[in-house]
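Text of the file protein.pdb, holding PDB, C-alpha atoms:
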ATOM      1  CA  MET A   1      24.473  -2.390   4.095
ATOM      2  CA  ASP A   2      26.038  -2.513   7.515
ATOM      3  CA  LEU A   3      27.069   0.440   9.639
ATOM      4  CA  SER A   4      30.761  -0.359   9.207
ATOM      5  CA  LYS A   5      30.467   1.613   5.944
ATOM      6  CA  LEU A   6      29.627   4.844   7.819
ATOM      7  CA  LYS A   7      32.978   6.450   7.188
ATOM      8  CA  ASP A   8      32.676   5.704   3.486
ATOM      9  CA  LEU A   9      29.217   7.265   3.395
ATOM     10  CA  THR A  10      30.524  10.346   5.179
ATOM     11  CA  LEU A  11      33.377  10.746   2.711
ATOM     12  CA  GLU A  12      31.054  10.388  -0.238
ATOM     13  CA  GLY A  13      28.862  13.173   1.153
ATOM     14  CA  ARG A  14      25.705  11.899  -0.494
ATOM     15  CA  PRO A  15      22.716  10.002   0.859
ATOM     16  CA  TYR A  16      22.504   6.237   0.681
ATOM     17  CA  LYS A  17      19.204   5.152  -0.905
ATOM     18  CA  ALA A  18      17.739   1.671  -0.598
ATOM     19  CA  GLU A  19      14.500  -0.267  -0.463
ATOM     20  CA  ILE A  20      13.163  -3.269   1.383
ATOM     21  CA  LEU A  21      11.617  -5.546  -1.204
ATOM     22  CA  LYS A  22       9.840  -8.232   0.785
ATOM     23  CA  GLY A  23       7.702  -8.337   3.871
ATOM     24  CA  ILE A  24       8.184  -9.794   7.279
ATOM     25  CA  ASP A  25       5.360 -12.182   8.126
ATOM     26  CA  SER A  26       5.796 -12.045  11.900
ATOM     27  CA  ILE A  27       4.649  -8.425  12.278
ATOM     28  CA  ASP A  28       1.174  -8.191  13.819
ATOM     29  CA  THR A  29      -0.303  -5.035  12.307
ATOM     30  CA  ASP A  30      -3.985  -5.620  13.107
ATOM     31  CA  ASP A  31      -5.947  -4.361  10.085
ATOM     32  CA  LEU A  32      -2.908  -2.836   8.370
ATOM     33  CA  SER A  33      -1.039  -4.419   5.499
ATOM     34  CA  ILE A  34       2.342  -2.897   4.652
ATOM     35  CA  ILE A  35       2.817  -2.408   0.913
ATOM     36  CA  PHE A  36       6.300  -3.265  -0.308
ATOM     37  CA  PRO A  37       8.797  -2.024  -1.362
ATOM     38  CA  ILE A  38       9.637   0.324   1.496
ATOM     39  CA  HIS A  39      11.958   3.106   0.361
ATOM     40  CA  TYR A  40      14.455   4.727   2.677
ATOM     41  CA  GLU A  41      17.330   7.168   2.508
ATOM     42  CA  VAL A  42      20.182   7.578   5.000
ATOM     43  CA  SER A  43      22.330  10.685   5.325
ATOM     44  CA  VAL A  44      25.412  10.555   7.526
ATOM     45  CA  TYR A  45      27.209  13.451   9.181
ATOM     46  CA  ALA A  46      30.399  12.914  11.174
ATOM     47  CA  THR A  47      31.606  14.969  14.133
ATOM     48  CA  HIS A  48      34.617  13.595  16.029
ATOM     49  CA  ASP A  49      33.786  10.002  17.069
ATOM     50  CA  VAL A  50      30.041  10.416  16.643
ATOM     51  CA  TRP A  51      27.971  10.050  13.496
ATOM     52  CA  THR A  52      24.505  11.452  13.004
ATOM     53  CA  LEU A  53      22.226   9.265  10.908
ATOM     54  CA  ILE A  54      19.160  10.881   9.401
ATOM     55  CA  VAL A  55      16.875   8.148   8.127
ATOM     56  CA  THR A  56      13.910   9.053   5.935
ATOM     57  CA  VAL A  57      11.421   6.255   5.292
ATOM     58  CA  ASN A  58       8.634   6.343   2.713
ATOM     59  CA  TYR A  59       6.037   3.551   2.642
ATOM     60  CA  ALA A  60       2.334   2.831   2.255
ATOM     61  CA  VAL A  61      -0.193   0.686   4.111
ATOM     62  CA  GLN A  62      -3.462  -0.877   2.956
ATOM     63  CA  THR A  63      -6.046  -0.315   5.678
ATOM     64  CA  ASN A  64      -9.553   0.947   6.459
ATOM     65  CA  CYS A  65     -10.528   4.489   7.382
ATOM     66  CA  SER A  66     -11.079   4.663  11.138
ATOM     67  CA  ARG A  67     -14.261   6.767  10.697
ATOM     68  CA  CYS A  68     -16.110   5.415   7.648
ATOM     69  CA  LEU A  69     -14.396   1.984   7.338
ATOM     70  CA  LYS A  70     -13.749   2.485   3.604
ATOM     71  CA  GLU A  71     -10.686   0.642   2.240
ATOM     72  CA  MET A  72      -7.793   2.987   1.593
ATOM     73  CA  VAL A  73      -4.059   3.289   1.057
ATOM     74  CA  ASP A  74      -2.283   5.537   3.557
ATOM     75  CA  LYS A  75       1.105   6.904   2.485
ATOM     76  CA  VAL A  76       3.564   7.547   5.314
ATOM     77  CA  PHE A  77       6.709   9.681   5.177
ATOM     78  CA  VAL A  78       8.778   9.793   8.383
ATOM     79  CA  THR A  79      12.240  11.076   9.267
ATOM     80  CA  SER A  80      14.194   9.900  12.325
ATOM     81  CA  GLU A  81      17.569  10.951  13.631
ATOM     82  CA  PHE A  82      20.044   8.688  15.415
ATOM     83  CA  LEU A  83      23.477   9.150  16.954
ATOM     84  CA  VAL A  84      25.992   6.376  16.366
ATOM     85  CA  THR A  85      28.912   6.036  18.774
ATOM     86  CA  GLU A  86      31.620   3.425  19.111
ATOM     87  CA  THR A  87      31.546   3.074  22.907
ATOM     88  CA  GLU A  88      29.027   3.106  25.698
ATOM     89  CA  GLU A  89      30.956   5.959  27.356
ATOM     90  CA  ASP A  90      30.447   8.102  24.263
ATOM     91  CA  ALA A  91      26.743   7.255  24.358
ATOM     92  CA  LYS A  92      26.511   8.526  27.959
ATOM     93  CA  LEU A  93      27.667  11.953  26.761
ATOM     94  CA  TYR A  94      24.401  12.174  24.888
ATOM     95  CA  SER A  95      22.171  11.249  27.809
ATOM     96  CA  GLY A  96      19.587  13.817  26.683
ATOM     97  CA  GLN A  97      18.731  11.485  23.835
ATOM     98  CA  THR A  98      16.376   8.592  24.377
ATOM     99  CA  GLU A  99      17.858   5.108  24.353
ATOM    100  CA  ASP A 100      16.379   4.344  20.943
ATOM    101  CA  GLU A 101      18.050   7.391  19.396
ATOM    102  CA  VAL A 102      21.619   6.321  20.276
ATOM    103  CA  ILE A 103      23.153   3.335  18.522
ATOM    104  CA  ILE A 104      26.355   1.849  19.904
ATOM    105  CA  TRP A 105      28.375   0.371  17.087
ATOM    106  CA  GLN A 106      30.926  -2.122  18.365
ATOM    107  CA  LYS A 107      32.365  -3.704  15.209
ATOM    108  CA  ARG A 108      29.247  -5.777  14.691
ATOM    109  CA  ASP A 109      26.853  -5.937  11.815
ATOM    110  CA  SER A 110      23.937  -3.556  12.236
ATOM    111  CA  TYR A 111      21.903  -3.384   9.115
ATOM    112  CA  LEU A 112      20.152  -0.287   7.883
ATOM    113  CA  ASP A 113      17.215  -2.387   6.616
ATOM    114  CA  GLU A 114      16.502  -3.413  10.216
ATOM    115  CA  LEU A 115      16.691   0.202  11.359
ATOM    116  CA  ALA A 116      14.323   1.294   8.580
ATOM    117  CA  MET A 117      11.917  -1.547   9.436
ATOM    118  CA  SER A 118      11.895  -0.512  13.110
ATOM    119  CA  ILE A 119      10.978   3.024  12.024
ATOM    120  CA  VAL A 120       8.122   1.599   9.946
ATOM    121  CA  ILE A 121       6.804  -0.450  12.874
ATOM    122  CA  THR A 122       6.867   2.513  15.266
ATOM    123  CA  SER A 123       5.252   4.883  12.761
ATOM    124  CA  LEU A 124       2.312   2.757  11.622
ATOM    125  CA  PRO A 125      -0.834   4.925  11.556
ATOM    126  CA  ILE A 126      -3.058   4.468  14.606
ATOM    127  CA  GLN A 127      -6.242   6.058  13.242
ATOM    128  CA  PRO A 128      -5.879   6.471   9.481
ATOM    129  CA  LEU A 129      -8.406   8.715   7.725
ATOM    130  CA  CYS A 130      -9.464   8.560   4.072
ATOM    131  CA  SER A 131      -9.612  12.373   4.176
ATOM    132  CA  GLU A 132      -9.248  15.063   6.833
ATOM    133  CA  ASP A 133     -12.940  15.957   6.577
ATOM    134  CA  CYS A 134     -14.301  12.384   6.697
ATOM    135  CA  LYS A 135     -17.681  12.481   8.454
ATOM    136  CA  GLY A 136     -17.721   8.794   9.353
ATOM    137  CA  LEU A 137     -20.771   6.617   9.919
ATOM    138  CA  CYS A 138     -24.059   7.529  11.578
ATOM    139  CA  PRO A 139     -23.976   6.007  15.079
ATOM    140  CA  ILE A 140     -27.676   5.128  14.831
ATOM    141  CA  CYS A 141     -28.259   3.700  11.347
ATOM    142  CA  GLY A 142     -24.688   3.148  10.118
ATOM    143  CA  ASN A 143     -25.051   5.139   6.881
ATOM    144  CA  ASP A 144     -21.902   6.705   5.420
ATOM    145  CA  LEU A 145     -22.290  10.427   6.188
ATOM    146  CA  ASN A 146     -19.786  11.289   3.410
ATOM    147  CA  LYS A 147     -22.415  10.198   0.862
ATOM    148  CA  GLY A 148     -25.164  12.320   2.376
ATOM    149  CA  ASP A 149     -27.126  12.993   5.531
ATOM    150  CA  CYS A 150     -29.303  10.324   7.034
ATOM    151  CA  HIS A 151     -32.746  10.947   8.519
ATOM    152  CA  CYS A 152     -32.005   9.756  12.026
ATOM    153  CA  SER A 153     -33.046  11.938  14.912
ATOM    154  CA  ASP A 154     -30.246  14.103  16.263
ATOM    155  CA  GLN A 155     -32.218  14.400  19.455
ATOM    156  CA  SER A 156     -31.491  10.913  20.780
ATOM    157  CA  ILE A 157     -30.034  11.325  24.248
ATOM    158  CA  ASP A 158     -28.116   8.802  26.273
ATOM    159  CA  SER A 159     -30.416   7.824  29.150
ATOM    160  CA  ARG A 160     -27.603   8.458  31.641
ATOM    161  CA  PHE A 161     -27.643  12.148  30.716
ATOM    162  CA  ALA A 162     -31.400  12.644  30.293
ATOM    163  CA  ALA A 163     -31.637  14.521  33.608
ATOM    164  CA  LEU A 164     -29.264  17.181  32.257
ATOM    165  CA  GLN A 165     -31.308  17.796  29.089
ATOM    166  CA  GLY A 166     -33.076  20.916  30.344
ATOM    167  CA  LEU A 167     -30.184  22.333  32.349
ATOM    168  CA  PHE A 168     -29.461  25.226  29.989
ATOM    169  CA  ASP A 169     -33.009  25.872  28.735
ATOM    170  CA  GLU A 170     -34.127  29.444  29.314
ATOM    171  CA  GLU A 171     -37.126  29.818  31.559
TER     172      GLU A 171
END

Take the structure I supplied and represent it as structure tokens, if you would.
Amino acid sequence: MDLSKLKDLTLEGRPYKAEILKGIDSIDTDDLSIIFPIHYEVSVYATHDVWTLIVTVNYAVQTNCSRCLKEMVDKVFVTSEFLVTETEEDAKLYSGQTEDEVIIWQKRDSYLDELAMSIVITSLPIQPLCSEDCKGLCPICGNDLNKGDCHCSDQSIDSRFAALQGLFDEE
């Protein structure tokens, strides 16, 4: 759907729901794999010559936990708000907004799928966790601490800080 339908959406007064069915191969997501379809919903509110777009995107990524390296699926739900104006002068009235939050619509095709995909790209998880209380891996032996404690010495001290070891010992 292109943004030229904004007035129709506003008159209908209900959100526009859609999904992106296939992936884009050119996105470099490191160890993340976006799971399709991506669902999104757009609500439009009109005030004078400005429209407010509220875009809610719901998607999932296949990745590894950043602490224990276990494979996992991370579900992401993100909402972004954009102002759509017809002229650059109108956009300057909203200079408190960042450049990415103001869209200038000048009778050209701007597709909501592209907007939703840009939200996905900017909201990809940086350090996904399999659970909030994930203990990760032992830095010495590599055992998964979620499965149980290992028997490595907790007393190993980085040689650079060995001189500080007794600093707080009581005499």

Legend entry - Pick from A:Val84, A:Leu115, A:Ala162, A:Cys68, whichever lies nearest to Asn146 (chain A) using all atoms listed in the file: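 Of all the options, A:Cys68 lies closest to Asn146 (chain A).
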
Inset, instruction - Go through A:Ala60, A:Cys138, A:Val102, A:Leu53 and flag the residue nearest Ile35 (chain A), using all atoms listed in the file for the distances. - result: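 That would be A:Ala60, the residue with the smallest distance to Ile35 (chain A).
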
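The space between CA of Val76 (chain A) and CA of Lys147 (chain A) spans 26.5 Å.
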
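Those residues that approach Cys141 (chain A) to within 12 Å, counting only C-alpha atoms, are Gly136, Leu137, Cys138, Asp144, Leu145, Asp149, Cys150, His151, Cys152, Ser153 and Asp154 of chain A; same-chain residues fewer than 3 positions away are not listed.
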
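With distances restricted to all atoms listed in the file, A:Lys75 is the closest residue to Phe36 (chain A) from A:Lys70, A:Leu129, A:Arg160, A:Lys75.
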
Inset, instruction - Pick out the closest residue to Glu19 (chain A) from this set: A:Asp74, A:Glu132, A:Glu114, A:Asp169. Count only C-alpha atoms. - result: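 So, comparing all the options, the nearest one is A:Glu114.
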
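Distance-wise, CA of Thr47 (chain A) and CA of Thr79 (chain A) end up 20.3 Å apart.
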
Legend entry - Cut-off 12 Å around (14.3, -2.3, 3.4) with only C-alpha atoms: residues as JSON, numbers by chain: {"A": [1, 17, 18, 19, 20, 21, 22, 23, 24, 35, 36, 37, 38, 39, 40, 41, 42, 55, 56, 57, 58, 59, 111, 112, 113, 114, 115, 116, 117, 118, 119, 120]}

Legend entry - Å distance separating CA of Thr87 (chain A) from CA of Val44 (chain A), one decimal place: 18.2 Å

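Using all atoms listed in the file, the smallest distance between any of A:Phe168, A:Asn143, A:Leu69, A:Lys92 and Ser131 (chain A) comes from A:Leu69.
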
Please write out, as lines of an AutoDock Vina configuration file, where the centre of an axis-aligned box around all listed atoms of region 81-88 of chain A lies and how long its edges are, in Å to one decimal, after adding 5 Å on each side.
center_x = 24.6
center_y = 7.0
center_z = 19.7
size_x = 24.1
size_y = 17.9
size_z = 22.1

Reconstruct region 59-70 of chain A at the level of all heavy atoms, and format the result as a PDB file, in the coordinates of the input.
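Contents of part_8.pdb, as written:
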ATOM      1  N   TYR A  59       6.738   4.810   2.873  1.00  0.00           N
ATOM      2  CA  TYR A  59       6.037   3.551   2.642  1.00  0.00           C
ATOM      3  C   TYR A  59       4.529   3.782   2.617  1.00  0.00           C
ATOM      4  O   TYR A  59       4.056   4.889   2.866  1.00  0.00           O
ATOM      5  CB  TYR A  59       6.407   2.513   3.707  1.00  0.00           C
ATOM      6  CG  TYR A  59       5.910   2.831   5.101  1.00  0.00           C
ATOM      7  CD1 TYR A  59       4.737   2.266   5.586  1.00  0.00           C
ATOM      8  CD2 TYR A  59       6.605   3.696   5.931  1.00  0.00           C
ATOM      9  CE1 TYR A  59       4.283   2.551   6.862  1.00  0.00           C
ATOM     10  CE2 TYR A  59       6.158   3.985   7.206  1.00  0.00           C
ATOM     11  CZ  TYR A  59       4.993   3.410   7.661  1.00  0.00           C
ATOM     12  OH  TYR A  59       4.536   3.698   8.920  1.00  0.00           O
ATOM     13  N   ALA A  60       3.795   2.744   2.297  1.00  0.00           N
ATOM     14  CA  ALA A  60       2.334   2.831   2.255  1.00  0.00           C
ATOM     15  C   ALA A  60       1.735   1.607   2.945  1.00  0.00           C
ATOM     16  O   ALA A  60       2.358   0.550   2.999  1.00  0.00           O
ATOM     17  CB  ALA A  60       1.851   2.909   0.813  1.00  0.00           C
ATOM     18  N   VAL A  61       0.532   1.790   3.481  1.00  0.00           N
ATOM     19  CA  VAL A  61      -0.193   0.686   4.111  1.00  0.00           C
ATOM     20  C   VAL A  61      -1.601   0.604   3.544  1.00  0.00           C
ATOM     21  O   VAL A  61      -2.237   1.621   3.265  1.00  0.00           O
ATOM     22  CB  VAL A  61      -0.264   0.820   5.656  1.00  0.00           C
ATOM     23  CG1 VAL A  61       1.080   0.638   6.298  1.00  0.00           C
ATOM     24  CG2 VAL A  61      -0.871   2.132   6.083  1.00  0.00           C
ATOM     25  N   GLN A  62      -2.072  -0.612   3.351  1.00  0.00           N
ATOM     26  CA  GLN A  62      -3.462  -0.877   2.956  1.00  0.00           C
ATOM     27  C   GLN A  62      -4.236  -1.046   4.249  1.00  0.00           C
ATOM     28  O   GLN A  62      -3.864  -1.852   5.099  1.00  0.00           O
ATOM     29  CB  GLN A  62      -3.525  -2.155   2.114  1.00  0.00           C
ATOM     30  CG  GLN A  62      -4.919  -2.557   1.690  1.00  0.00           C
ATOM     31  CD  GLN A  62      -5.365  -1.806   0.458  1.00  0.00           C
ATOM     32  OE1 GLN A  62      -4.554  -1.462  -0.379  1.00  0.00           O
ATOM     33  NE2 GLN A  62      -6.643  -1.538   0.366  1.00  0.00           N
ATOM     34  N   THR A  63      -5.304  -0.280   4.424  1.00  0.00           N
ATOM     35  CA  THR A  63      -6.046  -0.315   5.678  1.00  0.00           C
ATOM     36  C   THR A  63      -7.470   0.166   5.438  1.00  0.00           C
ATOM     37  O   THR A  63      -7.892   0.348   4.303  1.00  0.00           O
ATOM     38  CB  THR A  63      -5.339   0.547   6.757  1.00  0.00           C
ATOM     39  OG1 THR A  63      -5.991   0.367   8.001  1.00  0.00           O
ATOM     40  CG2 THR A  63      -5.309   2.008   6.380  1.00  0.00           C
ATOM     41  N   ASN A  64      -8.202   0.389   6.517  1.00  0.00           N
ATOM     42  CA  ASN A  64      -9.553   0.947   6.459  1.00  0.00           C
ATOM     43  C   ASN A  64      -9.569   2.268   7.205  1.00  0.00           C
ATOM     44  O   ASN A  64      -8.894   2.417   8.230  1.00  0.00           O
ATOM     45  CB  ASN A  64     -10.569  -0.005   7.096  1.00  0.00           C
ATOM     46  CG  ASN A  64     -10.701  -1.286   6.330  1.00  0.00           C
ATOM     47  OD1 ASN A  64     -10.639  -1.307   5.102  1.00  0.00           O
ATOM     48  ND2 ASN A  64     -10.861  -2.396   7.034  1.00  0.00           N
ATOM     49  N   CYS A  65     -10.357   3.208   6.710  1.00  0.00           N
ATOM     50  CA  CYS A  65     -10.528   4.489   7.382  1.00  0.00           C
ATOM     51  C   CYS A  65     -11.113   4.226   8.776  1.00  0.00           C
ATOM     52  O   CYS A  65     -12.039   3.428   8.930  1.00  0.00           O
ATOM     53  CB  CYS A  65     -11.448   5.394   6.562  1.00  0.00           C
ATOM     54  SG  CYS A  65     -11.816   6.972   7.364  1.00  0.00           S
ATOM     55  N   SER A  66     -10.599   4.903   9.776  1.00  0.00           N
ATOM     56  CA  SER A  66     -11.079   4.663  11.138  1.00  0.00           C
ATOM     57  C   SER A  66     -12.438   5.297  11.409  1.00  0.00           C
ATOM     58  O   SER A  66     -13.071   4.993  12.413  1.00  0.00           O
ATOM     59  CB  SER A  66     -10.056   5.157  12.160  1.00  0.00           C
ATOM     60  OG  SER A  66      -9.875   6.540  12.043  1.00  0.00           O
ATOM     61  N   ARG A  67     -12.942   6.152  10.513  1.00  0.00           N
ATOM     62  CA  ARG A  67     -14.261   6.767  10.697  1.00  0.00           C
ATOM     63  C   ARG A  67     -15.344   6.127   9.838  1.00  0.00           C
ATOM     64  O   ARG A  67     -16.415   5.821  10.329  1.00  0.00           O
ATOM     65  CB  ARG A  67     -14.202   8.262  10.383  1.00  0.00           C
ATOM     66  CG  ARG A  67     -13.434   9.056  11.406  1.00  0.00           C
ATOM     67  CD  ARG A  67     -13.503  10.537  11.109  1.00  0.00           C
ATOM     68  NE  ARG A  67     -12.613  11.279  11.975  1.00  0.00           N
ATOM     69  CZ  ARG A  67     -12.186  12.493  11.726  1.00  0.00           C
ATOM     70  NH1 ARG A  67     -12.581  13.126  10.630  1.00  0.00           N
ATOM     71  NH2 ARG A  67     -11.371  13.100  12.563  1.00  0.00           N
ATOM     72  N   CYS A  68     -15.058   5.922   8.544  1.00  0.00           N
ATOM     73  CA  CYS A  68     -16.110   5.415   7.648  1.00  0.00           C
ATOM     74  C   CYS A  68     -15.875   3.961   7.216  1.00  0.00           C
ATOM     75  O   CYS A  68     -16.702   3.388   6.513  1.00  0.00           O
ATOM     76  CB  CYS A  68     -16.243   6.304   6.410  1.00  0.00           C
ATOM     77  SG  CYS A  68     -14.839   6.240   5.280  1.00  0.00           S
ATOM     78  N   LEU A  69     -14.751   3.388   7.600  1.00  0.00           N
ATOM     79  CA  LEU A  69     -14.396   1.984   7.338  1.00  0.00           C
ATOM     80  C   LEU A  69     -14.135   1.672   5.868  1.00  0.00           C
ATOM     81  O   LEU A  69     -14.017   0.511   5.495  1.00  0.00           O
ATOM     82  CB  LEU A  69     -15.446   1.033   7.907  1.00  0.00           C
ATOM     83  CG  LEU A  69     -15.763   1.206   9.391  1.00  0.00           C
ATOM     84  CD1 LEU A  69     -16.831   0.223   9.825  1.00  0.00           C
ATOM     85  CD2 LEU A  69     -14.512   1.063  10.237  1.00  0.00           C
ATOM     86  N   LYS A  70     -14.032   2.693   5.015  1.00  0.00           N
ATOM     87  CA  LYS A  70     -13.749   2.485   3.604  1.00  0.00           C
ATOM     88  C   LYS A  70     -12.292   2.031   3.449  1.00  0.00           C
ATOM     89  O   LYS A  70     -11.399   2.530   4.139  1.00  0.00           O
ATOM     90  CB  LYS A  70     -13.984   3.789   2.835  1.00  0.00           C
ATOM     91  CG  LYS A  70     -13.743   3.695   1.349  1.00  0.00           C
ATOM     92  CD  LYS A  70     -14.173   4.944   0.609  1.00  0.00           C
ATOM     93  CE  LYS A  70     -13.408   6.153   1.084  1.00  0.00           C
ATOM     94  NZ  LYS A  70     -13.658   7.361   0.296  1.00  0.00           N
TER      95      LYS A  70
END
